[in-house]
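S.K.: File follows, final_38.cif with mmCIF, N, CA and C atoms:
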```
data_upload
#
loop_
_atom_site.label_atom_id
_atom_site.label_comp_id
_atom_site.auth_asym_id
_atom_site.auth_seq_id
_atom_site.Cartn_x
_atom_site.Cartn_y
_atom_site.Cartn_z
N MET A 1 0.84 -1.19 0.00
CA MET A 1 0.00 0.00 0.00
C MET A 1 0.88 1.25 0.00
N LYS A 2 0.52 2.20 -0.85
CA LYS A 2 1.23 3.48 -0.89
C LYS A 2 0.90 4.27 0.37
N LYS A 3 1.88 5.04 0.84
CA LYS A 3 1.64 5.88 2.00
C LYS A 3 0.80 7.09 1.58
N ALA A 4 -0.35 7.22 2.19
CA ALA A 4 -1.28 8.31 1.83
C ALA A 4 -0.83 9.63 2.45
N LYS A 5 -1.04 10.69 1.70
CA LYS A 5 -0.75 12.03 2.20
C LYS A 5 -2.03 12.79 2.55
N THR A 6 -3.16 12.31 2.04
CA THR A 6 -4.46 12.93 2.32
C THR A 6 -5.47 11.83 2.62
N VAL A 7 -6.58 12.22 3.21
CA VAL A 7 -7.65 11.25 3.48
C VAL A 7 -8.23 10.75 2.17
N ASP A 8 -8.36 11.62 1.19
CA ASP A 8 -8.84 11.18 -0.12
C ASP A 8 -7.95 10.09 -0.70
N SER A 9 -6.64 10.26 -0.63
CA SER A 9 -5.74 9.24 -1.18
C SER A 9 -5.75 7.97 -0.33
N TYR A 10 -5.92 8.11 0.98
CA TYR A 10 -6.04 6.92 1.85
C TYR A 10 -7.22 6.07 1.41
N ILE A 11 -8.36 6.72 1.21
CA ILE A 11 -9.56 5.99 0.79
C ILE A 11 -9.39 5.42 -0.62
N ALA A 12 -8.81 6.19 -1.51
CA ALA A 12 -8.60 5.73 -2.89
C ALA A 12 -7.66 4.51 -2.94
N ASN A 13 -6.71 4.44 -2.02
CA ASN A 13 -5.76 3.32 -1.98
C ASN A 13 -6.32 2.09 -1.28
N ALA A 14 -7.46 2.22 -0.63
CA ALA A 14 -8.07 1.10 0.10
C ALA A 14 -8.67 0.11 -0.90
N PRO A 15 -8.86 -1.14 -0.47
CA PRO A 15 -9.54 -2.10 -1.35
C PRO A 15 -10.91 -1.57 -1.76
N GLU A 16 -11.24 -1.78 -3.01
CA GLU A 16 -12.47 -1.22 -3.58
C GLU A 16 -13.71 -1.57 -2.76
N GLU A 17 -13.76 -2.79 -2.25
CA GLU A 17 -14.96 -3.25 -1.53
C GLU A 17 -15.20 -2.55 -0.20
N ILE A 18 -14.22 -1.80 0.32
CA ILE A 18 -14.47 -1.09 1.58
C ILE A 18 -14.40 0.43 1.45
N ARG A 19 -14.15 0.94 0.28
CA ARG A 19 -14.04 2.40 0.11
C ARG A 19 -15.30 3.13 0.55
N GLU A 20 -16.47 2.61 0.19
CA GLU A 20 -17.71 3.29 0.58
C GLU A 20 -17.87 3.32 2.10
N ARG A 21 -17.46 2.25 2.76
CA ARG A 21 -17.52 2.21 4.22
C ARG A 21 -16.62 3.29 4.83
N LEU A 22 -15.44 3.44 4.27
CA LEU A 22 -14.51 4.47 4.76
C LEU A 22 -15.08 5.87 4.52
N LYS A 23 -15.70 6.06 3.35
CA LYS A 23 -16.34 7.36 3.07
C LYS A 23 -17.47 7.62 4.05
N ASP A 24 -18.22 6.57 4.39
CA ASP A 24 -19.33 6.72 5.34
C ASP A 24 -18.82 7.12 6.72
N ILE A 25 -17.74 6.50 7.17
CA ILE A 25 -17.17 6.87 8.47
C ILE A 25 -16.67 8.31 8.43
N ARG A 26 -15.97 8.65 7.37
CA ARG A 26 -15.47 10.01 7.21
C ARG A 26 -16.62 11.02 7.28
N ASN A 27 -17.69 10.77 6.56
CA ASN A 27 -18.83 11.68 6.55
C ASN A 27 -19.49 11.76 7.92
N ALA A 28 -19.57 10.64 8.63
CA ALA A 28 -20.16 10.65 9.97
C ALA A 28 -19.32 11.51 10.91
N ILE A 29 -18.02 11.39 10.83
CA ILE A 29 -17.13 12.20 11.68
C ILE A 29 -17.29 13.67 11.34
N LYS A 30 -17.31 13.99 10.05
CA LYS A 30 -17.42 15.39 9.63
C LYS A 30 -18.77 16.01 10.04
N LYS A 31 -19.83 15.20 10.02
CA LYS A 31 -21.13 15.71 10.47
C LYS A 31 -21.14 15.94 11.98
N ALA A 32 -20.49 15.05 12.70
CA ALA A 32 -20.46 15.17 14.16
C ALA A 32 -19.52 16.28 14.63
N ALA A 33 -18.49 16.55 13.84
CA ALA A 33 -17.49 17.55 14.22
C ALA A 33 -17.09 18.36 12.98
N PRO A 34 -17.99 19.23 12.52
CA PRO A 34 -17.74 19.95 11.26
C PRO A 34 -16.51 20.86 11.28
N TYR A 35 -16.04 21.26 12.45
CA TYR A 35 -14.89 22.16 12.52
C TYR A 35 -13.58 21.41 12.77
N ALA A 36 -13.64 20.10 12.76
CA ALA A 36 -12.44 19.31 13.03
C ALA A 36 -11.42 19.41 11.90
N LEU A 37 -10.18 19.41 12.28
CA LEU A 37 -9.06 19.35 11.34
C LEU A 37 -8.97 17.92 10.82
N GLU A 38 -8.80 17.77 9.52
CA GLU A 38 -8.66 16.45 8.92
C GLU A 38 -7.27 16.35 8.29
N LYS A 39 -6.56 15.28 8.63
CA LYS A 39 -5.24 15.05 8.05
C LYS A 39 -4.88 13.58 8.21
N ILE A 40 -3.70 13.21 7.75
CA ILE A 40 -3.17 11.87 7.95
C ILE A 40 -2.18 11.94 9.12
N SER A 41 -2.34 11.05 10.06
CA SER A 41 -1.43 10.95 11.20
C SER A 41 -1.25 9.47 11.52
N TYR A 42 -0.03 9.08 11.76
CA TYR A 42 0.28 7.65 11.99
C TYR A 42 -0.21 6.79 10.83
N GLY A 43 -0.22 7.35 9.62
CA GLY A 43 -0.60 6.61 8.43
C GLY A 43 -2.09 6.38 8.25
N MET A 44 -2.92 7.06 9.04
CA MET A 44 -4.37 6.88 8.93
C MET A 44 -5.08 8.22 9.07
N PRO A 45 -6.35 8.28 8.62
CA PRO A 45 -7.12 9.52 8.77
C PRO A 45 -7.26 9.91 10.24
N TYR A 46 -7.04 11.19 10.48
CA TYR A 46 -7.05 11.76 11.83
C TYR A 46 -7.97 12.98 11.83
N TYR A 47 -8.68 13.15 12.93
CA TYR A 47 -9.55 14.31 13.12
C TYR A 47 -9.23 14.92 14.47
N GLY A 48 -9.00 16.22 14.46
CA GLY A 48 -8.67 16.91 15.69
C GLY A 48 -9.52 18.14 15.89
N TYR A 49 -9.84 18.37 17.14
CA TYR A 49 -10.57 19.57 17.55
C TYR A 49 -10.23 19.79 19.01
N LYS A 50 -9.45 20.81 19.30
CA LYS A 50 -8.98 21.06 20.66
C LYS A 50 -8.30 19.81 21.22
N GLY A 51 -7.58 19.14 20.36
CA GLY A 51 -6.92 17.89 20.72
C GLY A 51 -7.42 16.77 19.81
N ARG A 52 -7.07 15.55 20.15
CA ARG A 52 -7.44 14.40 19.32
C ARG A 52 -8.92 14.08 19.47
N LEU A 53 -9.58 13.81 18.32
CA LEU A 53 -10.97 13.36 18.32
C LEU A 53 -11.06 11.89 17.94
N ALA A 54 -10.58 11.57 16.74
CA ALA A 54 -10.74 10.20 16.25
C ALA A 54 -9.79 9.92 15.11
N TYR A 55 -9.54 8.64 14.92
CA TYR A 55 -8.79 8.11 13.79
C TYR A 55 -9.61 6.93 13.25
N PHE A 56 -9.34 6.53 12.02
CA PHE A 56 -9.87 5.25 11.55
C PHE A 56 -8.87 4.63 10.58
N ALA A 57 -8.95 3.30 10.46
CA ALA A 57 -8.05 2.58 9.56
C ALA A 57 -8.71 1.27 9.16
N TYR A 58 -8.45 0.86 7.94
CA TYR A 58 -9.01 -0.41 7.49
C TYR A 58 -8.02 -1.54 7.73
N ALA A 59 -8.58 -2.71 7.94
CA ALA A 59 -7.81 -3.95 8.06
C ALA A 59 -8.53 -4.99 7.21
N LYS A 60 -7.99 -6.16 7.15
CA LYS A 60 -8.54 -7.19 6.29
C LYS A 60 -9.99 -7.53 6.63
N LYS A 61 -10.33 -7.63 7.93
CA LYS A 61 -11.66 -8.07 8.33
C LYS A 61 -12.48 -7.02 9.07
N HIS A 62 -11.90 -5.86 9.31
CA HIS A 62 -12.63 -4.83 10.06
C HIS A 62 -12.08 -3.44 9.75
N ILE A 63 -12.81 -2.45 10.25
CA ILE A 63 -12.32 -1.07 10.24
C ILE A 63 -12.12 -0.69 11.70
N GLY A 64 -10.92 -0.28 12.00
CA GLY A 64 -10.63 0.18 13.35
C GLY A 64 -11.02 1.63 13.50
N PHE A 65 -11.69 1.92 14.59
CA PHE A 65 -12.11 3.29 14.90
C PHE A 65 -11.50 3.61 16.25
N TYR A 66 -10.74 4.68 16.31
CA TYR A 66 -9.94 4.98 17.50
C TYR A 66 -10.36 6.33 18.08
N VAL A 67 -10.81 6.30 19.32
CA VAL A 67 -11.22 7.50 20.05
C VAL A 67 -10.50 7.48 21.39
N PRO A 68 -9.77 8.54 21.73
CA PRO A 68 -9.05 8.54 23.00
C PRO A 68 -9.98 8.35 24.21
N PRO A 69 -9.44 7.77 25.27
CA PRO A 69 -10.23 7.58 26.50
C PRO A 69 -10.73 8.91 27.03
N PRO A 70 -11.83 8.90 27.73
CA PRO A 70 -12.58 7.77 28.29
C PRO A 70 -13.81 7.38 27.48
N ILE A 71 -13.90 7.76 26.23
CA ILE A 71 -15.13 7.65 25.45
C ILE A 71 -15.60 6.20 25.28
N ILE A 72 -14.71 5.29 24.95
CA ILE A 72 -15.10 3.89 24.76
C ILE A 72 -15.67 3.33 26.07
N GLU A 73 -14.99 3.59 27.15
CA GLU A 73 -15.46 3.11 28.46
C GLU A 73 -16.82 3.72 28.81
N ASP A 74 -17.00 4.98 28.53
CA ASP A 74 -18.26 5.66 28.84
C ASP A 74 -19.44 5.12 28.02
N HIS A 75 -19.16 4.50 26.89
CA HIS A 75 -20.22 3.97 26.01
C HIS A 75 -20.14 2.45 25.88
N LYS A 76 -19.60 1.82 26.90
CA LYS A 76 -19.36 0.37 26.88
C LYS A 76 -20.62 -0.43 26.55
N LYS A 77 -21.74 -0.06 27.15
CA LYS A 77 -22.99 -0.80 26.94
C LYS A 77 -23.40 -0.77 25.46
N GLU A 78 -23.30 0.41 24.84
CA GLU A 78 -23.69 0.56 23.43
C GLU A 78 -22.72 -0.15 22.48
N LEU A 79 -21.51 -0.43 22.96
CA LEU A 79 -20.48 -1.05 22.13
C LEU A 79 -20.29 -2.53 22.41
N GLU A 80 -21.18 -3.12 23.19
CA GLU A 80 -20.97 -4.52 23.59
C GLU A 80 -21.02 -5.52 22.43
N ASP A 81 -21.56 -5.13 21.29
CA ASP A 81 -21.59 -6.03 20.12
C ASP A 81 -20.29 -5.99 19.30
N TYR A 82 -19.34 -5.17 19.72
CA TYR A 82 -18.09 -5.00 18.98
C TYR A 82 -16.89 -5.30 19.87
N LYS A 83 -15.79 -5.70 19.23
CA LYS A 83 -14.54 -5.85 19.97
C LYS A 83 -14.02 -4.46 20.27
N THR A 84 -13.67 -4.25 21.53
CA THR A 84 -13.17 -2.94 21.94
C THR A 84 -11.92 -3.09 22.80
N ALA A 85 -11.20 -2.00 22.91
CA ALA A 85 -10.08 -1.86 23.83
C ALA A 85 -10.20 -0.44 24.38
N MET A 86 -9.22 -0.01 25.12
CA MET A 86 -9.31 1.29 25.79
C MET A 86 -9.68 2.43 24.83
N ALA A 87 -9.10 2.43 23.62
CA ALA A 87 -9.36 3.53 22.68
C ALA A 87 -9.74 3.01 21.30
N THR A 88 -10.20 1.77 21.22
CA THR A 88 -10.44 1.13 19.92
C THR A 88 -11.78 0.43 19.85
N VAL A 89 -12.43 0.57 18.70
CA VAL A 89 -13.61 -0.23 18.38
C VAL A 89 -13.34 -0.85 17.01
N ARG A 90 -13.65 -2.13 16.87
CA ARG A 90 -13.50 -2.80 15.58
C ARG A 90 -14.88 -3.04 14.98
N PHE A 91 -15.10 -2.45 13.81
CA PHE A 91 -16.35 -2.65 13.10
C PHE A 91 -16.11 -3.68 11.99
N PRO A 92 -16.68 -4.88 12.13
CA PRO A 92 -16.46 -5.94 11.13
C PRO A 92 -16.92 -5.50 9.73
N ASN A 93 -16.15 -5.89 8.74
CA ASN A 93 -16.47 -5.52 7.36
C ASN A 93 -17.72 -6.21 6.84
N ASN A 94 -18.17 -7.26 7.51
CA ASN A 94 -19.35 -7.99 7.04
C ASN A 94 -20.64 -7.56 7.75
N LYS A 95 -20.58 -6.47 8.50
CA LYS A 95 -21.77 -5.94 9.18
C LYS A 95 -21.96 -4.47 8.83
N LYS A 96 -23.20 -4.04 8.91
CA LYS A 96 -23.53 -2.63 8.64
C LYS A 96 -22.83 -1.73 9.66
N LEU A 97 -22.33 -0.62 9.18
CA LEU A 97 -21.68 0.34 10.08
C LEU A 97 -22.72 1.07 10.94
N PRO A 98 -22.46 1.21 12.23
CA PRO A 98 -23.38 1.95 13.10
C PRO A 98 -23.06 3.45 13.05
N LEU A 99 -23.44 4.09 11.96
CA LEU A 99 -23.04 5.48 11.74
C LEU A 99 -23.56 6.43 12.82
N SER A 100 -24.76 6.20 13.32
CA SER A 100 -25.27 7.08 14.38
C SER A 100 -24.46 6.90 15.66
N LEU A 101 -24.00 5.69 15.93
CA LEU A 101 -23.15 5.45 17.10
C LEU A 101 -21.78 6.11 16.91
N ILE A 102 -21.23 6.04 15.71
CA ILE A 102 -19.96 6.70 15.44
C ILE A 102 -20.10 8.20 15.67
N LYS A 103 -21.17 8.79 15.17
CA LYS A 103 -21.40 10.23 15.40
C LYS A 103 -21.51 10.52 16.89
N LYS A 104 -22.22 9.67 17.61
CA LYS A 104 -22.39 9.87 19.05
C LYS A 104 -21.04 9.84 19.78
N LEU A 105 -20.18 8.90 19.41
CA LEU A 105 -18.85 8.82 20.03
C LEU A 105 -18.02 10.05 19.73
N VAL A 106 -18.06 10.51 18.49
CA VAL A 106 -17.30 11.71 18.12
C VAL A 106 -17.83 12.93 18.85
N LYS A 107 -19.14 13.08 18.92
CA LYS A 107 -19.73 14.22 19.64
C LYS A 107 -19.36 14.17 21.12
N ALA A 108 -19.31 12.99 21.68
CA ALA A 108 -18.91 12.85 23.09
C ALA A 108 -17.47 13.30 23.27
N ARG A 109 -16.62 12.97 22.32
CA ARG A 109 -15.22 13.40 22.41
C ARG A 109 -15.09 14.91 22.20
N VAL A 110 -15.89 15.48 21.31
CA VAL A 110 -15.90 16.94 21.13
C VAL A 110 -16.24 17.61 22.46
N ARG A 111 -17.29 17.13 23.12
CA ARG A 111 -17.68 17.69 24.43
C ARG A 111 -16.56 17.53 25.45
N TRP A 112 -15.93 16.36 25.46
CA TRP A 112 -14.84 16.09 26.40
C TRP A 112 -13.69 17.06 26.14
N ASN A 113 -13.32 17.24 24.86
CA ASN A 113 -12.23 18.15 24.52
C ASN A 113 -12.59 19.59 24.87
N ASP A 114 -13.84 20.00 24.61
CA ASP A 114 -14.27 21.35 24.97
C ASP A 114 -14.12 21.57 26.47
N LYS A 115 -14.60 20.63 27.24
CA LYS A 115 -14.58 20.74 28.71
C LYS A 115 -13.14 20.78 29.22
N ASN A 116 -12.29 19.96 28.67
CA ASN A 116 -10.92 19.84 29.19
C ASN A 116 -9.93 20.82 28.59
N SER A 117 -10.28 21.50 27.51
CA SER A 117 -9.36 22.48 26.94
C SER A 117 -9.45 23.81 27.67
N LYS A 118 -10.48 24.01 28.46
CA LYS A 118 -10.66 25.27 29.18
C LYS A 118 -9.92 25.30 30.51
N LYS A 119 -9.38 24.15 30.91
CA LYS A 119 -8.68 24.09 32.19
C LYS A 119 -7.33 24.72 32.12
#
```
Would you mind writing the file's structure down as structure tokens?
M.R.:
Amino acid sequence: MKKAKTVDSYIANAPEEIRERLKDIRNAIKKAAPYALEKISYGMPYYGYKGRLAYFAYAKKHIGFYVPPPIIEDHKKELEDYKTAMATVRFPNNKKLPLSLIKKLVKARVRWNDKNSKK
């Protein structure tokens, strides 16, 4: 895989069968955080607003969605159908993306960043 310099090129370089899923995640993040900075960081799409908001990356069997703590823990009940870790949710490629849940997680992180950037 070529190293992407933009989110557009990251998505374009992804396997064809998951490009639409990546576009859907990107659009969900942008709707939830319209003022977020979008760039490539650590080789994957990154969104920042008063600090880190979210990243995503594709893998062979899933799309990893990364939101800094404590967001995953705070939404543990809603995420029980997915494999999670402290800052990671894995959305299987063979299941529909929970776009409203992705937006909810991003909005929660926006609120967290707003609250903690004023300190």
S.K.: For atom C of Ile18 (chain A) and CA of Lys61 (chain A), determine how far apart the two atoms are, in Å to one decimal place.
M.R.: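 Rounded to one decimal, the two atoms are 11.3 Å apart.
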S.K.: For region 27-40 of chain A, work out the shell of residues within 10 Å, counting only C-alpha atoms and skipping chain neighbours fewer than 6 positions away, then give it as a PyMOL selection string.
M.R.: chain A and resi 3-10+21+46-55+98-110
S.K.: Looking at A:His62, A:Glu20, A:Ile72, A:Lys118, which one is nearest to Phe91 (chain A), with distances taken over only N, CA and C atoms?
M.R.: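 Of all the options, A:His62 lies closest to Phe91 (chain A).
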S.K.: Enter the distance from CA of Ala59 (chain A) to CA of Gly43 (chain A), in Å, rounded to one decimal.
M.R.: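 Computed distance, CA of Ala59 (chain A) to CA of Gly43 (chain A), equals 12.8 Å.
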S.K.: Pull the helix (DSSP H, G or I) assignments for region 71-107 of chain A out of DSSP run on the backbone, and list those residues as an mmCIF file with N, CA and C atoms, in the frame of the given file.
M.R.:
```cif
data_model
loop_
_atom_site.group_PDB
_atom_site.id
_atom_site.type_symbol
_atom_site.label_atom_id
_atom_site.label_comp_id
_atom_site.auth_asym_id
_atom_site.auth_seq_id
_atom_site.Cartn_x
_atom_site.Cartn_y
_atom_site.Cartn_z
ATOM 1 N N ILE A 71 -13.900 7.760 26.230
ATOM 2 C CA ILE A 71 -15.130 7.650 25.450
ATOM 3 C C ILE A 71 -15.600 6.200 25.280
ATOM 4 N N ILE A 72 -14.710 5.290 24.950
ATOM 5 C CA ILE A 72 -15.100 3.890 24.760
ATOM 6 C C ILE A 72 -15.670 3.330 26.070
ATOM 7 N N GLU A 73 -14.990 3.590 27.150
ATOM 8 C CA GLU A 73 -15.460 3.110 28.460
ATOM 9 C C GLU A 73 -16.820 3.720 28.810
ATOM 10 N N ASP A 74 -17.000 4.980 28.530
ATOM 11 C CA ASP A 74 -18.260 5.660 28.840
ATOM 12 C C ASP A 74 -19.440 5.120 28.020
ATOM 13 N N LEU A 99 -23.440 4.090 11.960
ATOM 14 C CA LEU A 99 -23.040 5.480 11.740
ATOM 15 C C LEU A 99 -23.560 6.430 12.820
ATOM 16 N N SER A 100 -24.760 6.200 13.320
ATOM 17 C CA SER A 100 -25.270 7.080 14.380
ATOM 18 C C SER A 100 -24.460 6.900 15.660
ATOM 19 N N LEU A 101 -24.000 5.690 15.930
ATOM 20 C CA LEU A 101 -23.150 5.450 17.100
ATOM 21 C C LEU A 101 -21.780 6.110 16.910
ATOM 22 N N ILE A 102 -21.230 6.040 15.710
ATOM 23 C CA ILE A 102 -19.960 6.700 15.440
ATOM 24 C C ILE A 102 -20.100 8.200 15.670
ATOM 25 N N LYS A 103 -21.170 8.790 15.170
ATOM 26 C CA LYS A 103 -21.400 10.230 15.400
ATOM 27 C C LYS A 103 -21.510 10.520 16.890
ATOM 28 N N LYS A 104 -22.220 9.670 17.610
ATOM 29 C CA LYS A 104 -22.390 9.870 19.050
ATOM 30 C C LYS A 104 -21.040 9.840 19.780
ATOM 31 N N LEU A 105 -20.180 8.900 19.410
ATOM 32 C CA LEU A 105 -18.850 8.820 20.030
ATOM 33 C C LEU A 105 -18.020 10.050 19.730
ATOM 34 N N VAL A 106 -18.060 10.510 18.490
ATOM 35 C CA VAL A 106 -17.300 11.710 18.120
ATOM 36 C C VAL A 106 -17.830 12.930 18.850
ATOM 37 N N LYS A 107 -19.140 13.080 18.920
ATOM 38 C CA LYS A 107 -19.730 14.220 19.640
ATOM 39 C C LYS A 107 -19.360 14.170 21.120
#
```
S.K.: Rank A:Ile11, A:Ile71, A:Ile25, A:Ala85 by their smallest atom-to-atom distance to Met44 (chain A), using only C-alpha atoms, and report the top residue only.
M.R.: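 Of A:Ile11, A:Ile71, A:Ile25, A:Ala85, the one nearest Met44 (chain A), counting only C-alpha atoms, is A:Ile11.
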S.K.: For a test of reading the model, state the distance in Å between atom N of Glu78 (chain A) and atom C of Arg90 (chain A), rounded to one decimal.
M.R.: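 If I compute the distance from atom N of Glu78 (chain A) to atom C of Arg90 (chain A), I get 13.4 Å.
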S.K.: Using the chain letters and numbers from this document, which residues of region 17-105 of chain A does DSSP assign to strand (DSSP E or B), as a PyMOL selection string?
M.R.: chain A and resi 37-41+44-48+52-58+62-66+83-85+88-92
S.K.: Restricting the calculation to only N, CA and C atoms: of A:Leu22, A:Leu97, A:Ala12, A:Leu79, which residue gets closest to Ala57 (chain A)?
M.R.: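 Among the listed residues, A:Leu22 lies closest to Ala57 (chain A).
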S.K.: Step by step, work through what the PyMOL selection byres ((chain A and resi 67) around 5) selects in the shown file, and finish by giving those residues as a list in words.
M.R.: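 Applying the PyMOL selection byres ((chain A and resi 67) around 5) to the structure shown produces Leu53, Ala54, Phe65, Tyr66, Pro68, Pro69, Ala87 and Thr88 of chain A.
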S.K.: Pick out the closest residue to Glu17 (chain A) from this set: A:Val89, A:Thr84, A:Asn116, A:Tyr58. Count only C-alpha atoms.
M.R.: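 Smallest distance to Glu17 (chain A) is found for A:Tyr58.
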